[in-house]
Amino acid sequence: QVQLVESGGESVQAGGSLRLSCVVSPYTQHPACLAWFRQGPGKEREGVAHINLRTETIRLADSVKGRFTISQDNAKNRLYLQMDSLKAEDTAMYYCAAALTWCNSYGPPIMAEFRYWGQGTQVTVSS
């Protein structure tokens with residue numbers, strides 16, 4: 001079992017920045033992949049960014065490339081999402097997710113590949 005707890009979501013003005021954090025425990029499970037997803041009001045959940053720890057690759061959705069950065073800190077068992085130049089359309093509940101055995105390395109994260117999920121943290125961007 002892997003538990004994920006997100007934090008860092010809040011209300012911010014368009015153009016601003018936020019950093020989301022996700023504590024992954026126990027990290028001794030050595031997840032194959034860690035990812036961020038989001039679900040905006042009235043929208044389906046979509047993959048934002050993920051790190052494939054086996055292939056050491058990072059993939060981002062086109063909508064956030066150049067604005068968002070995903071990173072991890074093994075020592076602190078944390079996954080981060082740095083979000084800059086935020087737009088109103090970034091408003092969503094953001095979820096951290098983990099896959100223990102495999103995930104793709106060629107595109108944004110796919111929900112079906114991730115078994116473990118956090119409860120989410122709300123990001124609201126006002127224009």
# chains A, B, ... in the order shown; residues from 1 in each chain; ligands from 1
call {"tool": "residues_around", "arguments": {"residues": "Cys103 in chain A", "least_positions_apart": "4", "cutoff": "10 Å", "atoms": "only C-alpha atoms", "output": "list of chain:residue names"}}
result
A:Ala32, A:Cys33, A:Leu34, A:Ala35, A:His50, A:Ile51, A:Asn52, A:Leu53, A:Arg54, A:Thr55, A:Ala98, A:Ala99, A:Gly107, A:Pro109, A:Ile110, A:Met111, A:Ala112, A:Glu113, A:Phe114
call {"tool": "write_last_selection", "arguments": {"atoms": "N, CA and C atoms", "output": "compact mmCIF listing (two decimals), in the first residue's frame"}}
result
# COMPACT_ATOMS: atom_id res chain seq x y z
N ALA A 32 7.30 3.04 -9.35
CA ALA A 32 7.89 3.17 -10.67
C ALA A 32 7.65 4.55 -11.24
N CYS A 33 6.48 5.12 -10.93
CA CYS A 33 6.09 6.40 -11.50
C CYS A 33 5.31 7.21 -10.48
N LEU A 34 5.52 8.51 -10.52
CA LEU A 34 4.75 9.46 -9.72
C LEU A 34 4.20 10.53 -10.65
N ALA A 35 2.98 10.96 -10.37
CA ALA A 35 2.33 11.86 -11.33
C ALA A 35 1.41 12.85 -10.63
N HIS A 50 4.24 13.66 -15.20
CA HIS A 50 4.69 12.51 -14.43
C HIS A 50 6.18 12.27 -14.59
N ILE A 51 6.71 11.58 -13.61
CA ILE A 51 8.10 11.15 -13.62
C ILE A 51 8.11 9.63 -13.65
N ASN A 52 8.76 9.05 -14.66
CA ASN A 52 8.99 7.61 -14.69
C ASN A 52 10.35 7.38 -14.05
N LEU A 53 10.34 6.83 -12.82
CA LEU A 53 11.56 6.68 -12.06
C LEU A 53 12.43 5.55 -12.58
N ARG A 54 11.89 4.67 -13.36
CA ARG A 54 12.68 3.58 -13.95
C ARG A 54 13.48 4.09 -15.14
N THR A 55 12.86 4.87 -16.00
CA THR A 55 13.53 5.37 -17.20
C THR A 55 14.07 6.78 -17.02
N ALA A 98 0.47 7.41 -7.79
CA ALA A 98 1.65 6.55 -7.87
C ALA A 98 1.31 5.24 -8.57
N ALA A 99 2.29 4.79 -9.36
CA ALA A 99 2.21 3.47 -9.99
C ALA A 99 3.42 2.68 -9.50
N GLY A 107 4.29 10.06 -23.11
CA GLY A 107 3.31 11.13 -23.11
C GLY A 107 2.86 11.45 -21.71
N PRO A 109 0.69 11.50 -18.20
CA PRO A 109 0.24 10.33 -17.44
C PRO A 109 -1.18 9.91 -17.82
N ILE A 110 -1.41 8.61 -17.73
CA ILE A 110 -2.71 8.02 -18.06
C ILE A 110 -3.31 7.46 -16.79
N MET A 111 -4.56 7.82 -16.49
CA MET A 111 -5.18 7.44 -15.23
C MET A 111 -5.12 5.95 -14.96
N ALA A 112 -5.39 5.15 -15.97
CA ALA A 112 -5.49 3.70 -15.78
C ALA A 112 -4.18 3.08 -15.33
N GLU A 113 -3.07 3.77 -15.52
CA GLU A 113 -1.77 3.22 -15.16
C GLU A 113 -1.42 3.45 -13.69
N PHE A 114 -2.23 4.28 -12.99
CA PHE A 114 -1.92 4.67 -11.62
C PHE A 114 -2.95 4.10 -10.66
call {"tool": "residues_around", "arguments": {"residues": "Cys96 in chain A", "least_positions_apart": "6", "cutoff": "6 Å", "atoms": "only C-alpha atoms", "output": "NGL selection string"}}
result
:A and (35-36 or 117-118)
call {"tool": "residues_around", "arguments": {"residues": "Gln13 in chain A", "least_positions_apart": "6", "cutoff": "10 Å", "atoms": "only C-alpha atoms", "output": "list of chain:residue names"}}
result
A:Ser85, A:Leu86, A:Lys87, A:Ala88, A:Thr124, A:Val125, A:Ser126, A:Ser127
call {"tool": "atom_distance", "arguments": {"atom1": "CA of Val123 in chain A", "atom2": "CA of Val12 in chain A"}}
result
7.8 Å
